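Novice: Sharing a structure below in structure tokens format, with a few things to ask.
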Amino acid sequence: MKEKAKSTNEVLKQERYDRAYLKMAQEWAKLSHCTRKKVGALLVRDGMIISDGFNGTPSGFPNHCEDSIGETFWYVLHAEANAIMKVARSTNAAKGSTLYITLSPCKECCKLVLQAGIHRLVYSNEYRDTGGLEFLRGAGLEVIRISKP
């Protein structure tokens with residue numbers, strides 16, 4: 001079945017929502033206890049936020065993300081991983097959702113994004129290694145950068 005082309009109004013409306021959800025992800029990033037980098041993520045499906053996350057330590061660990069010389073502890077979870085794991089523990093599913101994230105995902109997290117069934121990725125800042133984004137595009141995900149939400 002052919003996919004219907006979106007009208008200009010539908011495209012503009014989607015862009016308006018994309019910007020709004022990215023702004024919300026930026027607010028969510030402020031909850032992170034990491035000092036080097038704060039990242040926020042939201043999972044949205046059918047116009048509803050179904051999960052959220054920010055980078056930080058696993059539940060039960062002290063909220064310190066970096067050691068005394070500023071290196072990030074290996075066990076710190078990325079924002080998108082937290083959001084995906086949170087939805088996995090709920091009655092919701094990420095399949096068909098959009099991931100809004102303040103920093104594009106690393107390669108490892110891109111594998112999680114694909115396996116979770118997320119079909120769109122909207123981000124604002126680019127991670128130093130963009131290989132994961134090419135992986136997602138190659139898998140058919142819609143990947144959009146909005147640098148100033």
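Chains: A, B, ... in order of the structure tokens. Residues: from 1 per chain. Ligands: from 1, in order shown.
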Name the residues of stretch 2-142 of chain A that fall into alpha helix (DSSP H) according to DSSP on the backbone, using the chain letters and numbers of this document, as a PyMOL selection string.
Specialist: chain A and resi 8-29+79-88+107-116+131-138
Novice: Give me, as a PyMOL selection string, all polymer residues having an atom no more than 8 Å from A:Ala116, counting only C-alpha atoms and skipping those fewer than 6 positions away in the same chain.
Specialist: chain A and resi 84+93-95
Novice: Output the selection as a compact mmCIF listing (two decimals), in the first residue's frame - C-alpha atoms for each residue.
Specialist:
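Output saved as out15.txt:
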```txt
# COMPACT_ATOMS: atom_id res chain seq x y z
CA ILE A 84 13.80 2.36 26.37
CA ALA A 93 5.72 -0.59 23.83
CA ALA A 94 8.16 1.55 21.89
CA LYS A 95 7.16 0.01 18.55
```
Novice: As a ChimeraX atom specification, please: the residues near A:Trp74 (cut-off 12 Å, only C-alpha atoms, same-chain neighbours under 4 positions excluded).
Specialist: /A:56-58,64-67,78
Novice: Produce a table with one row for each residue of stretch 53-92 of chain A that has an atom at most 7 Å from any atom of stretch 35-47 of chain A, each row naming the nearest atom pair and its distance in Å at one decimal; use only C-alpha atoms; arrange rows by chain and rising residue number; format as a tab-separated table.
Specialist:
```
residue	atom	partner	partner_atom	distance
A:Gly53	CA	A:Ala41	CA	5.1
A:Phe54	CA	A:Gly40	CA	4.4
A:Asn55	CA	A:Val39	CA	5.7
A:Ala79	CA	A:Gly40	CA	5.5
A:Glu80	CA	A:Ala41	CA	5.6
A:Ala83	CA	A:Ala41	CA	6.6
```
Novice: At a cut-off of 12 Å, using only C-alpha atoms, what residues contact stretch 134-138 of chain A? Leave out same-chain residues fewer than 3 positions from it and give the result as a list in words.
Specialist: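 Near stretch 134-138 of chain A, the qualifying residues are Ser104, Pro105, Cys106, Lys107, Glu108, Cys109, Cys110, Lys111, Leu112, Val113, Leu114, Gln115, Gly117, Ile118, His119, Arg120, Leu121, Val122, Asp129, Thr130, Gly131, Leu141, Glu142, Val143 and Ile144 of chain A.
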Novice: Report as JSON, numbers by chain all protein, DNA and RNA residues lying within 8 Å of A:Lys86, evaluated on only C-alpha atoms, omitting residues in the same chain fewer than 4 positions from it.
Specialist: {"A": [51, 52, 53, 82, 90]}
Novice: Could those residues be written to a file, using all heavy atoms, as a PDB file, in the first residue's frame?
Specialist:
```pdb
ATOM      1  N   SER A  51       7.418   7.386  27.559  1.00  0.00           N
ATOM      2  CA  SER A  51       8.576   7.153  28.416  1.00  0.00           C
ATOM      3  C   SER A  51       9.500   8.358  28.363  1.00  0.00           C
ATOM      4  O   SER A  51       9.414   9.188  27.460  1.00  0.00           O
ATOM      5  CB  SER A  51       9.327   5.892  27.973  1.00  0.00           C
ATOM      6  OG  SER A  51      10.319   5.546  28.915  1.00  0.00           O
ATOM      7  N   ASP A  52      10.385   8.428  29.330  1.00  0.00           N
ATOM      8  CA  ASP A  52      11.358   9.513  29.402  1.00  0.00           C
ATOM      9  C   ASP A  52      12.628   8.986  30.025  1.00  0.00           C
ATOM     10  O   ASP A  52      12.630   7.916  30.634  1.00  0.00           O
ATOM     11  CB  ASP A  52      10.808  10.672  30.240  1.00  0.00           C
ATOM     12  CG  ASP A  52      10.335  10.216  31.610  1.00  0.00           C
ATOM     13  OD1 ASP A  52      11.159   9.677  32.379  1.00  0.00           O
ATOM     14  OD2 ASP A  52       9.143  10.387  31.922  1.00  0.00           O
ATOM     15  N   GLY A  53      13.700   9.707  29.845  1.00  0.00           N
ATOM     16  CA  GLY A  53      14.954   9.283  30.447  1.00  0.00           C
ATOM     17  C   GLY A  53      15.983  10.398  30.386  1.00  0.00           C
ATOM     18  O   GLY A  53      15.861  11.335  29.601  1.00  0.00           O
ATOM     19  N   ASN A  82      17.871   4.605  29.095  1.00  0.00           N
ATOM     20  CA  ASN A  82      16.967   4.724  30.241  1.00  0.00           C
ATOM     21  C   ASN A  82      15.504   4.786  29.792  1.00  0.00           C
ATOM     22  O   ASN A  82      14.644   4.131  30.371  1.00  0.00           O
ATOM     23  CB  ASN A  82      17.312   5.963  31.071  1.00  0.00           C
ATOM     24  CG  ASN A  82      18.205   5.634  32.241  1.00  0.00           C
ATOM     25  OD1 ASN A  82      18.134   4.555  32.807  1.00  0.00           O
ATOM     26  ND2 ASN A  82      19.056   6.564  32.608  1.00  0.00           N
ATOM     27  N   SER A  90       7.062  -1.204  31.484  1.00  0.00           N
ATOM     28  CA  SER A  90       5.675  -0.752  31.589  1.00  0.00           C
ATOM     29  C   SER A  90       4.768  -1.602  30.703  1.00  0.00           C
ATOM     30  O   SER A  90       5.204  -2.572  30.099  1.00  0.00           O
ATOM     31  CB  SER A  90       5.577   0.724  31.156  1.00  0.00           C
ATOM     32  OG  SER A  90       5.689   0.820  29.742  1.00  0.00           O
TER      33      SER A  90
END
```
Novice: Under the rule that only C-alpha atoms are counted, which of A:His33, A:Lys13, A:Arg19, A:Arg145 is the nearest residue to A:Leu103?
Specialist: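 Closest to A:Leu103 of all the choices is A:Arg145.
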